[in-house]
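Data block below; observations after.
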Number of protein chains: 6
Amino acid sequence: MSTLAQITPLPRNLVENAVRIALEEDLGLAGDITTDPIIPADARGAAAIVVREPARIAGLDLAETAFHALDPDAIFERLVDDGMTAEAGTTIARIRGRTRALLTAERTALNFLGRLCGIATLTAAYVAAVKGTRAKIACTRKTTPGLRGLEKYAVRCGGGLNHRFGLYDAVLVKDNHIAAAGGIKAALSRLRSRAGHMVKIEVEVDTLDQLREVLNYPIDAVLFDNMDIPTLKEAVGVADGRVLTEASGGVTLETVAGIAQTGVDLISVGALTHSPRNLDSSLEWELLGSLQ
Amino acid sequence: MSTLAQITPLPRNLVENAVRIALEEDLGLAGDITTDPIIPADARGAAAIVVREPARIAGLDLAETAFHALDPDAIFERLVDDGMTAEAGTTIARIRGRTRALLTAERTALNFLGRLCGIATLTAAYVAAVKGTRAKIACTRKTTPGLRGLEKYAVRCGGGLNHRFGLYDAVLVKDNHIAAAGGIKAALSRLRSRAGHMVKIEVEVDTLDQLREVLNYPIDAVLFDNMDIPTLKEAVGVADGRVLTEASGGVTLETVAGIAQTGVDLISVGALTHSPRNLDSSLEWELLGSLQ
Amino acid sequence: MSTLAQITPLPRNLVENAVRIALEEDLGLAGDITTDPIIPADARGAAAIVVREPARIAGLDLAETAFHALDPDAIFERLVDDGMTAEAGTTIARIRGRTRALLTAERTALNFLGRLCGIATLTAAYVAAVKGTRAKIACTRKTTPGLRGLEKYAVRCGGGLNHRFGLYDAVLVKDNHIAAAGGIKAALSRLRSRAGHMVKIEVEVDTLDQLREVLNYPIDAVLFDNMDIPTLKEAVGVADGRVLTEASGGVTLETVAGIAQTGVDLISVGALTHSPRNLDSSLEWELLGSLQ
Amino acid sequence: MSTLAQITPLPRNLVENAVRIALEEDLGLAGDITTDPIIPADARGAAAIVVREPARIAGLDLAETAFHALDPDAIFERLVDDGMTAEAGTTIARIRGRTRALLTAERTALNFLGRLCGIATLTAAYVAAVKGTRAKIACTRKTTPGLRGLEKYAVRCGGGLNHRFGLYDAVLVKDNHIAAAGGIKAALSRLRSRAGHMVKIEVEVDTLDQLREVLNYPIDAVLFDNMDIPTLKEAVGVADGRVLTEASGGVTLETVAGIAQTGVDLISVGALTHSPRNLDSSLEWELLGSLQ
Amino acid sequence: MSTLAQITPLPRNLVENAVRIALEEDLGLAGDITTDPIIPADARGAAAIVVREPARIAGLDLAETAFHALDPDAIFERLVDDGMTAEAGTTIARIRGRTRALLTAERTALNFLGRLCGIATLTAAYVAAVKGTRAKIACTRKTTPGLRGLEKYAVRCGGGLNHRFGLYDAVLVKDNHIAAAGGIKAALSRLRSRAGHMVKIEVEVDTLDQLREVLNYPIDAVLFDNMDIPTLKEAVGVADGRVLTEASGGVTLETVAGIAQTGVDLISVGALTHSPRNLDSSLEWELLGSLQ
Amino acid sequence: MSTLAQITPLPRNLVENAVRIALEEDLGLAGDITTDPIIPADARGAAAIVVREPARIAGLDLAETAFHALDPDAIFERLVDDGMTAEAGTTIARIRGRTRALLTAERTALNFLGRLCGIATLTAAYVAAVKGTRAKIACTRKTTPGLRGLEKYAVRCGGGLNHRFGLYDAVLVKDNHIAAAGGIKAALSRLRSRAGHMVKIEVEVDTLDQLREVLNYPIDAVLFDNMDIPTLKEAVGVADGRVLTEASGGVTLETVAGIAQTGVDLISVGALTHSPRNLDSSLEWELLGSLQ
């Protein structure tokens with residue numbers, strides 16, 4: 001059933017808040033001082049959003065909302081859905097409405113699409129690179145401040161998994177936590193008596209010895225930080241399916257397949273959200289509002 | 001005088017709003033459920049922010065504000081200032097304060113620094129590439145939604161100029177405006193009677209013929225969109241210093257020097273803000289709050 | 001084409017935010033404790049907004065939005081548009097909808113219209129007073145805190161020009177800047193290396209000597225502050241069309257024509273926005289919701 | 001005891017919100033692009049706020065907060081307090097702090113003072129005009145949208161009383177309410193069963209017959225709308241101290257004394273808040289940050 | 001006329017703000033991670049809101065708004081109105097719309113209904129307990145922070161009166177005010193010269209002597225704090241109808257009838273809003289979106 | 001180490017936002033119209049916060065922040081900490097500062113304490129009732145809209161565990177999800193391919209057959225909804241430690257011990273947050289600002 005195949009959507013309020021902030025940022029107190037004097041208020045036009053390179057699509061809700069904010073009666077027709085792939089040159093959506101609204105909202109819509117499609121496309125590349133292994137690709141908290149919900153969604157559109165959304169929804173014990181607590185035992189025993197029962201606990205380990213120690217405690221996952229491939233492979237063997245295993249650090253499109261072949265369950269990649277290349281897209285006019 | 005050399009600062013409210021949003025996004029309703037149970041409230045520590053690759057620095061105000069939001073008494077000592085260059089491995093700031101605050105604010109601080117230093121460093125690379133020419137490097141409106149003020153500031157830290165901040169503070173007439181108005185004359189005459197007297201007007205041209213036509217009107221700048229180098233050179237000659245000349249489209253670190261040598265006044269580069277690589281930095285602990 | 005004649009509109013979000021704030025201020029937590037107990041929820045009525053004195057209209061979007069906020073199905077019919085003139089006694093709009101909504105939103109709608117029409121009408125009087133000269137009338141930053149976008153729009157409705165919207169969109173170098181910098185040369189050279197290329201620069205001068213000095217620098221406009229008429233005339237001659245000339249200080253409806261005849265390009269008037277007289281208007285009921 | 005003589009203060013959050021909004025409006029995303037490039041960050045200066053005409057002072061908290069927002073260490077010294085009178089040329093406050101902060105916050109501070117002192121001064125003129133009568137001067141809901149709390153406070157500084165703050169805190173039954181309800185009896189009986197016991201009820205009457213009718217009901221005040229002086233005098237006699245009497249409509253500085261002499265308890269004046277003339281004040285520099 | 005019988009409604013913006021905050025709190029950045037993956041986006045369903053115990057209804061606007069926020073096309077049909085009574089098992093509303101929206105908004109809608117119906121039902125019980133006396137039941141400022149407008153509305157739905165909404169809309173002089181002022185005379189004389197004329201003044205008294213003293217001043221109401229029944233009865237006699245009399249302190253469903261029989265005008269009960277029992281209600285599915 | 005014993009704290013921004021909203025709600029545009037006219041601005045006082053019944057303390061940060069918002073120099077001294085127990089009559093904190101601030105913030109502070117201590121005290125009673133069993137007490141999403149973070153914190157102060165904070169941080173599959181999906185298998189398989197790896201999954205079951213079926217899938221917890229004690233005991237046996245077991249429905253202080261003795265891991269109680277009785281506390285003046 002195709003409706004099931006769609007990506008879990010962005011909460012509606014995230015979309016509306018993000019678009020409102022972006023438009024206020026672009027319009028200021030004076031509005032679009034180029035378009036308004038030149039284009040009559042009642043001119044109408046039609047345009048296509050075209051991707052200029054191969055893309056995994058993400059962010060159409062944001063683009064649609066940007067145009068609707070300026071012309072509630074505009075018609076936004078999707079030719080693909082978020083989570084789908086498009087070749088270079090594909091028209092992914094068409095908009096018909098007031099010419100002013102189309103010109104004024106264009107940059108806001110493309111800025112959202114550029115960033116979110118960029119993340120989705122990069123994620124999809126990582127996912128493709130580990131095809132045939134058990135590894136899944138996950139994002140991190142290295143997101144753009146203020147856009148975490150949107151960027152995590154774009155990762156889902158690219159076929160990736162979301163790691164925790166913040167400091168609040170899962171426990172990740174790092175080396176500094178352990179050092180400050182005076183050891184793994186102290187850290188984990190304090191956690192156990194306080195963490196909610198619906199919260200998963202992951203512990204970062206740097207060595208096999210640390211791994212063996214943490215496996216004595218009731219945890220859900222281990223994060224292998226910056227281990228080389230042979231060590232990773234051995235670590236997966238030590239874990240032996242008792243906990244989820246995650247590799248992170250130094251992951252690139254070149255190295256990810258090798259990491260995946262160690263048998264880890266997850267590979268987390270900060271670059272998905274902190275350094276995607278903007279996807280190139282444009283608004284191509286099909287009918288420009290004329291004056292009569 | 002060194003104080004004059006510093007970059008025009010970010011308005012204080014932008015810094016505070018951005019940090020507040022980022023921390024709320026990371027802390028949610030439950031807070032840092034890893035750190036709080038493990039680390040005592042009164043433990044204190046010290047850490048260094050270290051850049052792991054050569055960097056042009058931008059965003060220290062944001063990092064400082066993030067730590068201060070969680071520990072108002074924390075001491076944030078800057079070893080370099082925004083706008084300065086740092087080698088790989090340089091400690092750019094030191095923080096001393098409550099261990100919990102340092103652990104909890106770490107990712108927020110590094111996310112801001114990663115993005116803003118990334119933009120500043122990329123901008124500086126473009127600026128260096130056109131050294132010796134008259135061309136200046138400028139950013140565009142292709143910024144991350146919600147972060148335009150911060151990203152434009154990072155461009156300044158990199159030695160670049162800010163193009164208009166939004167649709168509201170300068171006029172940029174594009175091909176679609178001209179087409180919808182029925183020609184350059186109609187578009188520019190409507191603008192002239194409406195634009196405020198303190199607003200500059202730039203017109204985008206694709207051909208030399210268009211350039212010759214727009215030079216008949218009292219405009220401040222022309223944007224050469226996607227012209228090849230020989231055409232650009234000829235266009236600069238046609239403009240002959242009567243208006244500012246700006247090149248845009250297809251600009252990369254490889255092509256920018258050649259574009260600059262055509263004699264244009266400005267080269268605008270969307271990639272500065274839409275596709276910077278995150279600058280790699282980390283928080284290195286120097287003294288971890290112990291428990292006694 | 002009449003659609004072109006209309007005033008560049010207010011950004012929609014400014015209208016919605018202003019109305020929301022005004023209604024929250026008037027309704028508090030308890031709502032309209034006079035109307036709600038007396039008037040049945042389903043009573044419907046009709047009313048006319050009538051100006052009681054000659055007016056230049058501004059602010060109809062705000063009035064309409066206020067009524068729609070309380071009755072989304074209300075019909076707001078405009079008999080004139082913003083920027084048009086109305087004689088005393090003119091009905092400028094009619095509203096039909098729930099009687100409660102009309103009674104509750106009345107004051108909010110009239111408060112917006114009173115202030116914005118007041119500004120537009122005062123602006124139009126200044127514009128009329130300089131008819132036949134080259135001078136245009138401009139507003140300043142002496143606006144009501146929080147309402148700058150609305151008040152600058154009302155100035156446009158009155159036929160005036162908008163000076164800069166804030167400290168961020170144009171440079172205006174005043175005597176104190178020059179004094180603090182140690183002279184015109186120091187001030188302008190620092191500016192030149194930092195100001196964005198799309199930003200205009202205006203310098204305030206008090207004397208002809210200062211004028212002659214600043215004309216040596218590449219600036220866009222000069223502001224003659226509080227000069228008498230003969231000096232102004234001489235100053236216009238000195239400027240000789242090389243820069244925009246603006247007069248300010250001591251401008252009243254009595255003095256403005258004389259100032260305009262000196263040949264200045266612009267006359268800026270703080271009183272347009274800081275001391276307009278509220279335009280008298282009222283809601284005249286045409287059909288009051290009855291009870292059956 | 002002098003501390004008792006001071007005016008009931010503005011809630012602190014109103015002051016902070018108003019100043020934040022005003023500064024964001026003036027600084028935008030780029031900040032003060034004139035001051036920052038010219039003035040070094042560490043330059044310090046001193047200035048005086050001087051009123052240029054006789055004034056009743058109101059709004060010093062707002063001015064102080066504006067300077068402190070940009071320089072938390074600035075020293076703001078008040079030479080007079082809100083509610084006091086100052087002659088033309090009086091220095092009402094002195095500020096010492098960073099030169100940039102003083103230059104950047106100047107207009108925000110003066111805009112608040114101009115409007116609030118304008119209201120207080122106009123109120124004080126009305127209060128003076130009715131001296132020797134029992135009448136008090138009150139404001140209305142004809143305030144600037146978004147600034148009601150501030151403007152009502154300025155009326156208090158001028159010696160006036162505040163009428164209701166909104167639709168929520170007192171009942172004022174107008175002719176349209178009565179007409180829509182089908183008569184005074186219906187309107188007042190519905191109200192009585194619903195209005196909270198701590199809410200006062202005032203009824204607007206146009207004629208003596210209406211007055212006699214409403215006096216049959218347990219109300220707290222009557223509003224005489226646009227009555228001429230002889231009718232007003234007779235109305236006061238009819239009311240005979242059983243309810244508060246309030247006159248409104250057509251009140252000017254010329255007519256107010258005559259109205260007061262009819263014996264009414266209150267005279268409400270919309271112009272206090274909808275059409276005050278901005279009070280002329282300025283920032284006079286006493287020590288301008290130099291560069292050494 | 002039945003429309004008159006309805007309760008004075010909540011201001012629309014309070015409803016929208018409260019629902020927006022509640023949904024953002026429940027959805028976070030990730031949304032409903034149970035429902036979205038399981039239920040197709042186009043599945044539609046129908047459900048009934050059923051109260052499981054006898055109830056006075058309050059809050060249907062909030063429930064409706066919660067469902068509409070997630071499915072603007074959902075149909076919300078009310079079978080009873082706010083302010084009406086419903087037996088256990090009554091269906092009070094039906095909703096038809098997208099299954100996802102119904103499942104996701106269910107808890108938000110029921111949380112509002114549970115609290116507001118709880119308050120209304122408790123209020124109605126107090127009102128019933130004093131039936132046949134002159135006493136009315138009123139709420140206090142002991143409300144849940146952030147929900148005062150909603151909770152005061154629920155009291156109205158239960159047949160209670162609203163006491164003042166905040167510190168701003170009525171004066172209530174307590175023992176500490178009197179002690180700090182140095183006596184009743186000092187406190188009330190200071191108040192009289194400052195309080196607005198549309199503000200009622202109530203004074204709290206603990207003894208009959210205090211009551212006799214305060215009756216010498218022009219006040220509107222007295223609050224008898226924690227008096228026993230015989231003293232209350234005597235106090236009502238002393239007041240003798242000259243001011244409103246209010247009893248408070250130690251009021252329970254068991255004691256309230258006895259207090260009412262003393263003849264007081266009002267009995268204020270903090271527990272109405274600070275300790276209501278949540279009314280038990282549920283969403284019963286009538287048609288669950290199936291997949292075909 | 002005592003610092004470790006303290007409850008995981010509320011994020012600071014939640015405290016500040018909640019107090020700001022509460023004070024704005026109580027102060028409106030006019031402020032405290034009783035206190036300000038009566039009490040001189042410079043009067044200072046001291047008061048104690050006393051609980052009038054046995055209490056588990058929660059919410060001191062909120063009380064302290066309320067007083068500091070109105071007097072930044074006030075001294076708030078805690079005699080107990082959140083999470084501790086206090087007998088009736090205990091002074092839990094002392095405040096010294098401006099008398100106006102103490103009087104004005106009193107109700108806001110006590111409203112927060114009343115609700116949060118009420119929740120903590122009720123939670124502690126449930127925790128005490130299951131002492132000696134393996135069962136822990138958990139809260140639900142049946143919280144007051146807008147206060148979820150605060151109320152979940154109060155549960156922690158009472159010794160309870162937090163269940164999921166919203167729809168976003170854990171999966172809870174209910175009967176309606178399963179029915180809409182067409183069965184347990186369909187529901188859980190869709191979930192598995194979409195849920196993040198750091199998210200726990202709980203499934204609600206009504207019968208032992210359902211329990212046996214869901215145990216075939218990799219889930220983390222089962223929720224036994226409204227099972228009687230014998231069935232619960234059997235269900236715990238069937239689960240046999242493979243998943244967390246949670247009982248809910250019909251839990252009261254009378255029934256909870258019996259439920260706990262079935263061996264379930266968790267008992268979730270909606271009443272903790274939806275129907276706590278407000279804890280009675282008061283501000284007792286120790287030194288009332290006098291006028292000298």
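We name chains A, B, ... following the order of the structure tokens; residues begin at 1 in each chain, and ligands are numbered from 1 as shown.
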Find the spatial neighbours of E:Ala125, counting only C-alpha atoms, within a cut-off of 10 Å - ignore same-chain residues fewer than 3 positions away - and output them as a list in words.
->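 Residues meeting the cut-off are Arg56, Ile119, Ala120, Thr121, Leu122, Ala128, Ala129, Val130, Gly158, Gly159 and Leu253 of chain E.
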Those residues with C-alpha atoms, as a PDB file, in the first residue's frame please?
ATOM      1  CA  ARG E  56     -20.981  19.715  33.959  1.00  0.00           C
ATOM      2  CA  ILE E 119     -13.677  22.403  37.590  1.00  0.00           C
ATOM      3  CA  ALA E 120     -17.157  23.008  36.205  1.00  0.00           C
ATOM      4  CA  THR E 121     -18.536  19.895  37.869  1.00  0.00           C
ATOM      5  CA  LEU E 122     -17.027  20.797  41.223  1.00  0.00           C
ATOM      6  CA  ALA E 128     -26.172  23.219  44.211  1.00  0.00           C
ATOM      7  CA  ALA E 129     -25.179  23.050  47.853  1.00  0.00           C
ATOM      8  CA  VAL E 130     -26.099  26.705  48.437  1.00  0.00           C
ATOM      9  CA  GLY E 158     -20.316  25.486  36.537  1.00  0.00           C
ATOM     10  CA  GLY E 159     -22.560  28.382  37.480  1.00  0.00           C
ATOM     11  CA  LEU E 253     -18.873  20.860  50.225  1.00  0.00           C
TER      12      LEU E 253
END
Where does DSSP see helix (DSSP H, G or I) in stretch 44-185 of chain F, if you list the residues as a PyMOL selection string?
-> chain F and resi 60-70+99-129+148-157+175-181+184-185
Skipping near chain neighbours, those fewer than 6 positions away, what residues fall within 9 Å of B:Gly28 using only C-alpha atoms, listed as number ranges by chain?
-> A: 166-169; E: 28; F: 11, 14, 149
Which residues of chain B come within 9 Å of chain F, and for each one, what is the closest pair of atoms and their distance in Å to one decimal, counting only C-alpha atoms, sorted by chain and residue number, as a Markdown table?
| residue | atom | partner | partner_atom | distance |
| --- | --- | --- | --- | --- |
| B:Arg20 | CA | F:Asn13 | CA | 8.2 |
| B:Leu23 | CA | F:Asn13 | CA | 8.7 |
| B:Glu24 | CA | F:Asn13 | CA | 7.4 |
| B:Leu27 | CA | F:Pro11 | CA | 7.0 |
| B:Gly28 | CA | F:Pro11 | CA | 8.0 |
| B:Leu29 | CA | F:Gly149 | CA | 4.7 |
| B:Ala30 | CA | F:Gly149 | CA | 6.5 |
| B:Gly31 | CA | F:Pro11 | CA | 5.3 |
| B:Asp32 | CA | F:Pro11 | CA | 8.3 |
| B:Ile33 | CA | F:Thr8 | CA | 7.8 |
| B:Asp36 | CA | F:Thr8 | CA | 5.7 |
| B:Pro37 | CA | F:Thr8 | CA | 6.2 |
| B:Ile38 | CA | F:Leu4 | CA | 7.8 |
| B:Ile39 | CA | F:Leu4 | CA | 7.5 |
| B:Pro40 | CA | F:Leu4 | CA | 5.3 |
| B:Ala41 | CA | F:Thr3 | CA | 6.3 |
| B:Asp42 | CA | F:Thr3 | CA | 7.3 |
| B:Ala69 | CA | F:Arg12 | CA | 8.5 |
| B:Leu70 | CA | F:Arg12 | CA | 7.5 |
| B:Leu291 | CA | F:Met1 | CA | 8.2 |
| B:Gln292 | CA | F:Met1 | CA | 8.3 |
Given the selection you just returned, output its residues as a file containing C-alpha atoms, formatted as a tab-separated table (two decimals), in the first residue's frame.
chain	number	residue	atom	x	y	z
B	20	ARG	CA	17.84	30.02	23.58
B	23	LEU	CA	19.19	24.91	23.99
B	24	GLU	CA	15.43	24.44	24.13
B	27	LEU	CA	17.00	20.00	26.36
B	28	GLY	CA	13.29	19.52	25.75
B	29	LEU	CA	11.16	19.02	28.86
B	30	ALA	CA	13.40	16.50	30.58
B	31	GLY	CA	16.84	18.09	30.30
B	32	ASP	CA	20.11	16.25	29.97
B	33	ILE	CA	19.13	12.83	31.21
B	36	ASP	CA	22.34	15.16	35.49
B	37	PRO	CA	22.09	11.74	37.12
B	38	ILE	CA	25.81	11.06	36.79
B	39	ILE	CA	27.46	14.38	37.59
B	40	PRO	CA	26.94	16.10	40.95
B	41	ALA	CA	25.46	19.59	40.75
B	42	ASP	CA	28.47	21.16	42.41
B	69	ALA	CA	22.96	30.22	29.86
B	70	LEU	CA	23.58	27.08	31.91
B	291	LEU	CA	33.27	14.02	43.21
B	292	GLN	CA	34.98	14.63	46.47
Expected answer as an mmCIF file with C-alpha atoms, in the first residue's frame: strand (DSSP E) residues in stretch 45-268 of chain B:
data_model
loop_
_atom_site.group_PDB
_atom_site.id
_atom_site.type_symbol
_atom_site.label_atom_id
_atom_site.label_comp_id
_atom_site.auth_asym_id
_atom_site.auth_seq_id
_atom_site.Cartn_x
_atom_site.Cartn_y
_atom_site.Cartn_z
ATOM 1 C CA GLY B 45 35.644 21.546 35.520
ATOM 2 C CA ALA B 46 37.689 23.231 32.841
ATOM 3 C CA ALA B 47 37.847 22.621 29.146
ATOM 4 C CA ALA B 48 39.363 24.012 25.976
ATOM 5 C CA ILE B 49 37.713 24.568 22.621
ATOM 6 C CA VAL B 50 40.158 23.359 20.015
ATOM 7 C CA VAL B 51 39.885 23.654 16.240
ATOM 8 C CA ALA B 55 40.111 28.011 10.578
ATOM 9 C CA ARG B 56 38.846 31.526 10.272
ATOM 10 C CA ILE B 75 34.394 31.966 32.896
ATOM 11 C CA PHE B 76 34.823 32.020 29.156
ATOM 12 C CA GLU B 77 38.277 33.173 28.095
ATOM 13 C CA ARG B 78 38.911 33.924 24.426
ATOM 14 C CA THR B 85 42.850 32.835 11.719
ATOM 15 C CA ALA B 86 43.793 29.758 13.746
ATOM 16 C CA THR B 91 42.850 26.362 21.514
ATOM 17 C CA ILE B 92 40.531 29.235 20.707
ATOM 18 C CA ALA B 93 38.799 29.544 24.088
ATOM 19 C CA ARG B 94 38.833 28.091 27.591
ATOM 20 C CA ILE B 95 35.834 27.610 29.852
ATOM 21 C CA ARG B 96 35.759 26.967 33.566
ATOM 22 C CA GLY B 97 32.547 26.336 35.420
ATOM 23 C CA ARG B 98 30.076 23.712 36.530
ATOM 24 C CA LYS B 136 35.303 41.572 -3.459
ATOM 25 C CA ILE B 137 33.490 38.423 -2.397
ATOM 26 C CA ALA B 138 29.842 38.741 -1.343
ATOM 27 C CA VAL B 171 16.237 46.224 -5.066
ATOM 28 C CA LEU B 172 17.415 43.441 -7.339
ATOM 29 C CA VAL B 173 15.497 43.280 -10.603
ATOM 30 C CA ILE B 201 18.900 49.340 -7.311
ATOM 31 C CA GLU B 202 20.657 46.518 -9.092
ATOM 32 C CA VAL B 203 19.522 44.905 -12.330
ATOM 33 C CA GLU B 204 20.384 41.423 -13.541
ATOM 34 C CA VAL B 205 21.448 41.140 -17.177
ATOM 35 C CA ALA B 221 24.659 48.120 -9.961
ATOM 36 C CA VAL B 222 24.358 45.381 -12.546
ATOM 37 C CA LEU B 223 24.475 41.672 -11.940
ATOM 38 C CA PHE B 224 26.024 39.581 -14.705
ATOM 39 C CA ASP B 225 24.323 36.244 -14.412
ATOM 40 C CA LEU B 244 28.954 48.609 -9.725
ATOM 41 C CA THR B 245 29.479 45.338 -11.554
ATOM 42 C CA GLU B 246 28.754 41.981 -9.969
ATOM 43 C CA ALA B 247 29.307 38.492 -11.337
ATOM 44 C CA SER B 248 27.376 35.482 -10.132
ATOM 45 C CA LEU B 266 31.966 41.964 -6.862
ATOM 46 C CA ILE B 267 31.555 38.242 -7.072
ATOM 47 C CA SER B 268 28.650 36.771 -5.182
#
How many Å lie between atom CA of A:Gly160 and atom CA of F:Asn176, rounded to one decimal?
-> 28.1 Å
Counting only C-alpha atoms, what is within 12 Å of A:Gly258, bar same-chain residues fewer than 5 positions away, as a short mmCIF file (atom, residue, chain, number, x, y, z; two decimals) with N, CA, C and O atoms, in the first residue's frame?
data_model
loop_
_atom_site.label_atom_id
_atom_site.label_comp_id
_atom_site.auth_asym_id
_atom_site.auth_seq_id
_atom_site.Cartn_x
_atom_site.Cartn_y
_atom_site.Cartn_z
N TYR A 126 24.84 7.36 1.50
CA TYR A 126 25.40 6.49 2.54
C TYR A 126 24.62 5.18 2.65
O TYR A 126 25.19 4.11 2.79
N ALA A 129 25.57 2.95 -0.03
CA ALA A 129 26.94 2.42 0.12
C ALA A 129 27.01 1.22 1.05
O ALA A 129 27.96 0.44 0.98
N VAL A 130 26.03 1.10 1.95
CA VAL A 130 26.08 -0.04 2.88
C VAL A 130 25.07 -1.13 2.51
O VAL A 130 24.83 -2.05 3.29
N LYS A 131 24.50 -1.00 1.33
CA LYS A 131 23.52 -1.99 0.90
C LYS A 131 24.12 -3.39 0.92
O LYS A 131 25.27 -3.58 0.56
N GLY A 132 23.35 -4.31 1.38
CA GLY A 132 23.84 -5.68 1.45
C GLY A 132 24.45 -6.03 2.79
O GLY A 132 24.75 -7.19 3.05
N THR A 133 24.64 -5.04 3.64
CA THR A 133 25.10 -5.32 5.00
C THR A 133 23.93 -5.14 5.95
O THR A 133 22.86 -4.68 5.57
N ALA A 135 24.04 -3.05 8.36
CA ALA A 135 24.18 -1.72 8.98
C ALA A 135 23.13 -0.73 8.48
O ALA A 135 22.81 -0.69 7.29
N ASP A 228 39.35 1.28 14.61
CA ASP A 228 39.73 0.85 13.25
C ASP A 228 38.94 -0.42 12.89
O ASP A 228 38.30 -1.03 13.75
N ILE A 229 39.00 -0.77 11.65
CA ILE A 229 38.15 -1.84 11.14
C ILE A 229 38.38 -3.17 11.87
O ILE A 229 37.41 -3.82 12.30
N PRO A 230 39.63 -3.59 12.02
CA PRO A 230 39.81 -4.88 12.71
C PRO A 230 39.27 -4.86 14.14
O PRO A 230 38.63 -5.83 14.58
N LEU A 232 36.89 -2.99 15.26
CA LEU A 232 35.43 -2.98 15.14
C LEU A 232 34.88 -4.39 14.97
O LEU A 232 33.91 -4.78 15.62
N LYS A 233 35.54 -5.12 14.07
CA LYS A 233 35.07 -6.47 13.79
C LYS A 233 35.13 -7.32 15.06
O LYS A 233 34.19 -8.05 15.39
N ALA A 247 28.83 2.23 15.20
CA ALA A 247 30.16 2.78 14.94
C ALA A 247 30.03 4.24 14.59
O ALA A 247 29.08 4.65 13.92
N GLY A 250 35.05 9.35 11.84
CA GLY A 250 35.82 9.11 10.62
C GLY A 250 35.05 8.41 9.53
O GLY A 250 35.64 7.74 8.67
N VAL A 251 33.75 8.54 9.54
CA VAL A 251 32.95 7.87 8.52
C VAL A 251 32.83 8.77 7.29
O VAL A 251 32.44 9.93 7.41
N THR A 252 33.18 8.25 6.13
CA THR A 252 33.00 8.98 4.88
C THR A 252 32.34 8.03 3.88
O THR A 252 32.21 6.83 4.14
N LEU A 253 31.97 8.58 2.73
CA LEU A 253 31.39 7.71 1.70
C LEU A 253 32.39 6.66 1.24
O LEU A 253 31.99 5.60 0.76
N GLY A 263 29.91 -5.76 10.53
CA GLY A 263 28.73 -6.35 11.17
C GLY A 263 28.05 -5.45 12.20
O GLY A 263 27.11 -5.88 12.86
N VAL A 264 28.48 -4.21 12.31
CA VAL A 264 27.80 -3.31 13.27
C VAL A 264 26.36 -3.09 12.83
O VAL A 264 26.04 -3.16 11.63
N ILE A 267 25.64 2.84 11.84
CA ILE A 267 26.77 3.75 11.63
C ILE A 267 26.21 5.16 11.68
O ILE A 267 25.32 5.50 10.90
#
Point-to-point distance in Å for atom CA of E:His163 and atom CA of E:Ala260 |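 Straight-line distance from atom CA of E:Ala260 to atom CA of E:His163 works out to 17.1 Å.
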Distance in Å - atom CA of A:Gly196 versus atom CA of E:Thr34 = 18.5 Å
Give me the residues within 12 Å of A:Pro145 as a count of residues only, counting only C-alpha atoms and dropping any in the same chain fewer than 2 places off.
-> 40
